[in-house]
Amino acid sequence: MDINNRARVHWACRRGMRELDISIMPFFEYEYDSLSDSDKQVFIQLLESDDPDLFNWLMNHGEPADAELKRMVQLIQLRNKQRGPVAI
């Protein structure tokens, strides 16, 4: 997926699981444009993960084996915490 195709990345963020949508969609809306190109690529790589894995990682029930994916999960959690609750 092309990091510059924002509409396609946005569509990939829609998971259909409320818990994931609450974590991923606000991060995309508020943070994606400010990420470096390499971080955008890592974010897209994270989106290619299965929903159960994403859920477990974002809810701290495990972590990705890949260090870059782990860093992105932590960044998502940190930025969402800093921003506070967001209605979607």
# chains A, B, ... in the order shown; residues from 1 in each chain; ligands from 1
>>> residues_around(residues="range 24-39 of chain A", least_positions_apart="3", cutoff="8 Å", atoms="only C-alpha atoms", output="PDB file with all heavy atoms, in the first residue's frame")
ATOM      1  N   ILE A   3       2.092   4.818   0.922  1.00  0.00           N
ATOM      2  CA  ILE A   3       1.919   5.672   2.104  1.00  0.00           C
ATOM      3  C   ILE A   3       1.241   6.992   1.762  1.00  0.00           C
ATOM      4  O   ILE A   3       0.684   7.637   2.639  1.00  0.00           O
ATOM      5  CB  ILE A   3       3.262   5.940   2.824  1.00  0.00           C
ATOM      6  CG1 ILE A   3       4.234   6.703   1.930  1.00  0.00           C
ATOM      7  CG2 ILE A   3       3.858   4.661   3.349  1.00  0.00           C
ATOM      8  CD1 ILE A   3       5.478   7.193   2.623  1.00  0.00           C
ATOM      9  N   HIS A  10      -6.713   5.069   5.123  1.00  0.00           N
ATOM     10  CA  HIS A  10      -7.885   5.312   5.968  1.00  0.00           C
ATOM     11  C   HIS A  10      -8.827   4.109   5.935  1.00  0.00           C
ATOM     12  O   HIS A  10      -9.327   3.673   6.973  1.00  0.00           O
ATOM     13  CB  HIS A  10      -8.601   6.583   5.505  1.00  0.00           C
ATOM     14  CG  HIS A  10      -9.789   6.942   6.324  1.00  0.00           C
ATOM     15  ND1 HIS A  10     -11.067   6.648   5.937  1.00  0.00           N
ATOM     16  CD2 HIS A  10      -9.879   7.559   7.537  1.00  0.00           C
ATOM     17  CE1 HIS A  10     -11.913   7.072   6.865  1.00  0.00           C
ATOM     18  NE2 HIS A  10     -11.209   7.623   7.841  1.00  0.00           N
ATOM     19  N   CYS A  13      -7.683   1.271   8.009  1.00  0.00           N
ATOM     20  CA  CYS A  13      -7.809   1.507   9.448  1.00  0.00           C
ATOM     21  C   CYS A  13      -9.152   1.024   9.993  1.00  0.00           C
ATOM     22  O   CYS A  13      -9.279   0.738  11.178  1.00  0.00           O
ATOM     23  CB  CYS A  13      -7.657   2.994   9.768  1.00  0.00           C
ATOM     24  SG  CYS A  13      -5.999   3.640   9.560  1.00  0.00           S
ATOM     25  N   ARG A  14     -10.150   0.950   9.148  1.00  0.00           N
ATOM     26  CA  ARG A  14     -11.482   0.532   9.573  1.00  0.00           C
ATOM     27  C   ARG A  14     -11.474  -0.981   9.769  1.00  0.00           C
ATOM     28  O   ARG A  14     -11.366  -1.734   8.815  1.00  0.00           O
ATOM     29  CB  ARG A  14     -12.509   0.924   8.535  1.00  0.00           C
ATOM     30  CG  ARG A  14     -12.459   2.407   8.257  1.00  0.00           C
ATOM     31  CD  ARG A  14     -13.416   2.779   7.205  1.00  0.00           C
ATOM     32  NE  ARG A  14     -14.378   3.646   7.867  1.00  0.00           N
ATOM     33  CZ  ARG A  14     -15.507   4.027   7.363  1.00  0.00           C
ATOM     34  NH1 ARG A  14     -15.882   3.611   6.189  1.00  0.00           N
ATOM     35  NH2 ARG A  14     -16.295   4.835   8.030  1.00  0.00           N
ATOM     36  N   LEU A  20     -10.713  -1.748  18.286  1.00  0.00           N
ATOM     37  CA  LEU A  20      -9.643  -1.391  17.353  1.00  0.00           C
ATOM     38  C   LEU A  20      -9.921  -0.052  16.688  1.00  0.00           C
ATOM     39  O   LEU A  20      -9.019   0.773  16.538  1.00  0.00           O
ATOM     40  CB  LEU A  20      -9.457  -2.483  16.298  1.00  0.00           C
ATOM     41  CG  LEU A  20      -8.865  -3.790  16.807  1.00  0.00           C
ATOM     42  CD1 LEU A  20      -8.758  -4.793  15.667  1.00  0.00           C
ATOM     43  CD2 LEU A  20      -7.511  -3.573  17.461  1.00  0.00           C
ATOM     44  N   ASP A  21     -11.166   0.158  16.308  1.00  0.00           N
ATOM     45  CA  ASP A  21     -11.523   1.430  15.677  1.00  0.00           C
ATOM     46  C   ASP A  21     -11.263   2.607  16.617  1.00  0.00           C
ATOM     47  O   ASP A  21     -10.803   3.663  16.186  1.00  0.00           O
ATOM     48  CB  ASP A  21     -12.981   1.426  15.227  1.00  0.00           C
ATOM     49  CG  ASP A  21     -13.232   0.517  14.031  1.00  0.00           C
ATOM     50  OD1 ASP A  21     -12.245   0.149  13.354  1.00  0.00           O
ATOM     51  OD2 ASP A  21     -14.399   0.177  13.782  1.00  0.00           O
ATOM     52  N   VAL A  42       5.673   1.676   8.533  1.00  0.00           N
ATOM     53  CA  VAL A  42       5.516   0.762   9.681  1.00  0.00           C
ATOM     54  C   VAL A  42       4.047   0.708  10.096  1.00  0.00           C
ATOM     55  O   VAL A  42       3.520  -0.371  10.401  1.00  0.00           O
ATOM     56  CB  VAL A  42       6.420   1.182  10.857  1.00  0.00           C
ATOM     57  CG1 VAL A  42       6.130   0.342  12.095  1.00  0.00           C
ATOM     58  CG2 VAL A  42       7.891   1.080  10.480  1.00  0.00           C
ATOM     59  N   PHE A  43       3.375   1.852  10.099  1.00  0.00           N
ATOM     60  CA  PHE A  43       1.953   1.884  10.434  1.00  0.00           C
ATOM     61  C   PHE A  43       1.156   1.014   9.461  1.00  0.00           C
ATOM     62  O   PHE A  43       0.300   0.233   9.869  1.00  0.00           O
ATOM     63  CB  PHE A  43       1.440   3.330  10.421  1.00  0.00           C
ATOM     64  CG  PHE A  43      -0.011   3.471  10.789  1.00  0.00           C
ATOM     65  CD1 PHE A  43      -0.445   3.235  12.082  1.00  0.00           C
ATOM     66  CD2 PHE A  43      -0.945   3.855   9.838  1.00  0.00           C
ATOM     67  CE1 PHE A  43      -1.789   3.369  12.426  1.00  0.00           C
ATOM     68  CE2 PHE A  43      -2.276   3.999  10.163  1.00  0.00           C
ATOM     69  CZ  PHE A  43      -2.705   3.758  11.462  1.00  0.00           C
ATOM     70  N   MET A  72       5.595   1.040  17.051  1.00  0.00           N
ATOM     71  CA  MET A  72       4.407   1.711  16.518  1.00  0.00           C
ATOM     72  C   MET A  72       3.215   1.509  17.448  1.00  0.00           C
ATOM     73  O   MET A  72       2.438   2.439  17.686  1.00  0.00           O
ATOM     74  CB  MET A  72       4.089   1.210  15.109  1.00  0.00           C
ATOM     75  CG  MET A  72       2.915   1.913  14.455  1.00  0.00           C
ATOM     76  SD  MET A  72       3.039   3.735  14.356  1.00  0.00           S
ATOM     77  CE  MET A  72       4.487   3.927  13.340  1.00  0.00           C
ATOM     78  N   ILE A  76       1.153   4.543  19.156  1.00  0.00           N
ATOM     79  CA  ILE A  76      -0.305   4.677  19.075  1.00  0.00           C
ATOM     80  C   ILE A  76      -0.884   4.819  20.478  1.00  0.00           C
ATOM     81  O   ILE A  76      -1.694   5.713  20.745  1.00  0.00           O
ATOM     82  CB  ILE A  76      -0.939   3.478  18.331  1.00  0.00           C
ATOM     83  CG1 ILE A  76      -0.548   3.523  16.857  1.00  0.00           C
ATOM     84  CG2 ILE A  76      -2.464   3.475  18.505  1.00  0.00           C
ATOM     85  CD1 ILE A  76      -0.897   2.254  16.086  1.00  0.00           C
ATOM     86  N   ARG A  79       0.212   8.344  22.018  1.00  0.00           N
ATOM     87  CA  ARG A  79      -0.463   9.501  21.419  1.00  0.00           C
ATOM     88  C   ARG A  79      -1.953   9.509  21.764  1.00  0.00           C
ATOM     89  O   ARG A  79      -2.530  10.560  22.019  1.00  0.00           O
ATOM     90  CB  ARG A  79      -0.271   9.503  19.905  1.00  0.00           C
ATOM     91  CG  ARG A  79       1.167   9.672  19.482  1.00  0.00           C
ATOM     92  CD  ARG A  79       1.654  11.116  19.599  1.00  0.00           C
ATOM     93  NE  ARG A  79       3.053  11.262  19.309  1.00  0.00           N
ATOM     94  CZ  ARG A  79       3.587  11.423  18.108  1.00  0.00           C
ATOM     95  NH1 ARG A  79       2.816  11.446  17.042  1.00  0.00           N
ATOM     96  NH2 ARG A  79       4.890  11.555  17.965  1.00  0.00           N
ATOM     97  N   ASN A  80      -2.575   8.332  21.774  1.00  0.00           N
ATOM     98  CA  ASN A  80      -3.989   8.270  22.139  1.00  0.00           C
ATOM     99  C   ASN A  80      -4.189   8.671  23.604  1.00  0.00           C
ATOM    100  O   ASN A  80      -5.150   9.377  23.931  1.00  0.00           O
ATOM    101  CB  ASN A  80      -4.561   6.878  21.876  1.00  0.00           C
ATOM    102  CG  ASN A  80      -4.774   6.601  20.407  1.00  0.00           C
ATOM    103  OD1 ASN A  80      -4.748   7.506  19.573  1.00  0.00           O
ATOM    104  ND2 ASN A  80      -4.984   5.351  20.069  1.00  0.00           N
ATOM    105  N   VAL A  86     -11.628  10.256  22.477  1.00  0.00           N
ATOM    106  CA  VAL A  86     -12.101  10.863  21.238  1.00  0.00           C
ATOM    107  C   VAL A  86     -13.352  10.115  20.804  1.00  0.00           C
ATOM    108  O   VAL A  86     -13.352   8.889  20.745  1.00  0.00           O
ATOM    109  CB  VAL A  86     -11.035  10.766  20.127  1.00  0.00           C
ATOM    110  CG1 VAL A  86     -11.573  11.334  18.832  1.00  0.00           C
ATOM    111  CG2 VAL A  86      -9.766  11.489  20.543  1.00  0.00           C
ATOM    112  N   ILE A  88     -15.777   8.706  18.138  1.00  0.00           N
ATOM    113  CA  ILE A  88     -15.705   8.401  16.707  1.00  0.00           C
ATOM    114  C   ILE A  88     -17.066   8.140  16.135  1.00  0.00           C
ATOM    115  O   ILE A  88     -18.010   7.925  16.804  1.00  0.00           O
ATOM    116  CB  ILE A  88     -14.784   7.191  16.401  1.00  0.00           C
ATOM    117  CG1 ILE A  88     -15.274   5.946  17.100  1.00  0.00           C
ATOM    118  CG2 ILE A  88     -13.371   7.503  16.797  1.00  0.00           C
ATOM    119  CD1 ILE A  88     -14.568   4.693  16.649  1.00  0.00           C
TER     120      ILE A  88
END
>>> select_by_dssp(residues="chain A", states="helix (DSSP H, G or I)", output="mmCIF file with C-alpha atoms, in the first residue's frame")
data_model
loop_
_atom_site.group_PDB
_atom_site.id
_atom_site.type_symbol
_atom_site.label_atom_id
_atom_site.label_comp_id
_atom_site.auth_asym_id
_atom_site.auth_seq_id
_atom_site.Cartn_x
_atom_site.Cartn_y
_atom_site.Cartn_z
ATOM 1 C CA ARG A 6 -4.401 8.462 2.328
ATOM 2 C CA ALA A 7 -7.864 7.219 1.339
ATOM 3 C CA ARG A 8 -6.624 3.638 1.039
ATOM 4 C CA VAL A 9 -4.766 3.823 4.363
ATOM 5 C CA HIS A 10 -7.885 5.312 5.968
ATOM 6 C CA TRP A 11 -9.956 2.432 4.631
ATOM 7 C CA ALA A 12 -7.439 -0.098 6.011
ATOM 8 C CA CYS A 13 -7.809 1.507 9.448
ATOM 9 C CA ARG A 18 -15.019 -1.225 18.042
ATOM 10 C CA GLU A 19 -11.988 -1.530 20.324
ATOM 11 C CA LEU A 20 -9.643 -1.391 17.353
ATOM 12 C CA ASP A 21 -11.523 1.430 15.677
ATOM 13 C CA ILE A 22 -11.307 3.487 18.885
ATOM 14 C CA SER A 23 -7.523 3.027 18.948
ATOM 15 C CA ILE A 24 -6.564 3.138 15.293
ATOM 16 C CA MET A 25 -8.937 5.652 13.698
ATOM 17 C CA PRO A 26 -8.143 8.621 15.979
ATOM 18 C CA PHE A 27 -4.427 7.922 15.646
ATOM 19 C CA PHE A 28 -4.784 7.947 11.869
ATOM 20 C CA GLU A 29 -6.910 11.102 11.839
ATOM 21 C CA TYR A 30 -4.715 13.107 14.211
ATOM 22 C CA GLU A 31 -1.216 11.694 13.772
ATOM 23 C CA TYR A 32 -0.725 10.011 10.377
ATOM 24 C CA ASP A 33 0.132 13.146 8.412
ATOM 25 C CA SER A 34 2.850 14.124 10.887
ATOM 26 C CA ASP A 37 7.585 8.243 5.630
ATOM 27 C CA SER A 38 9.322 5.335 7.361
ATOM 28 C CA ASP A 39 6.836 5.477 10.263
ATOM 29 C CA LYS A 40 3.952 5.622 7.800
ATOM 30 C CA GLN A 41 5.301 2.423 6.250
ATOM 31 C CA VAL A 42 5.516 0.762 9.681
ATOM 32 C CA PHE A 43 1.953 1.884 10.434
ATOM 33 C CA ILE A 44 0.773 0.306 7.178
ATOM 34 C CA GLN A 45 2.679 -2.854 8.025
ATOM 35 C CA LEU A 46 0.877 -2.887 11.385
ATOM 36 C CA LEU A 47 -2.475 -2.550 9.600
ATOM 37 C CA ASP A 51 -7.375 -8.177 14.028
ATOM 38 C CA PRO A 52 -6.859 -10.562 16.991
ATOM 39 C CA ASP A 53 -3.154 -9.705 17.036
ATOM 40 C CA LEU A 54 -3.827 -5.971 16.789
ATOM 41 C CA PHE A 55 -6.384 -6.208 19.577
ATOM 42 C CA ASN A 56 -3.998 -8.088 21.860
ATOM 43 C CA TRP A 57 -1.124 -5.703 21.193
ATOM 44 C CA LEU A 58 -3.146 -2.515 21.629
ATOM 45 C CA ALA A 67 10.679 -4.244 17.152
ATOM 46 C CA GLU A 68 9.341 -1.646 14.694
ATOM 47 C CA LEU A 69 5.761 -2.892 15.045
ATOM 48 C CA LYS A 70 6.182 -2.876 18.827
ATOM 49 C CA ARG A 71 7.410 0.722 18.666
ATOM 50 C CA MET A 72 4.407 1.711 16.518
ATOM 51 C CA VAL A 73 1.960 0.055 18.942
ATOM 52 C CA GLN A 74 3.585 1.983 21.787
ATOM 53 C CA LEU A 75 3.397 5.218 19.780
ATOM 54 C CA ILE A 76 -0.305 4.677 19.075
ATOM 55 C CA GLN A 77 -0.977 4.003 22.750
ATOM 56 C CA LEU A 78 1.056 7.022 23.868
ATOM 57 C CA ARG A 79 -0.463 9.501 21.419
ATOM 58 C CA ASN A 80 -3.989 8.270 22.139
ATOM 59 C CA LYS A 81 -3.374 8.606 25.876
ATOM 60 C CA GLN A 82 -1.963 12.125 25.460
ATOM 61 C CA ARG A 83 -4.904 13.188 23.319
#
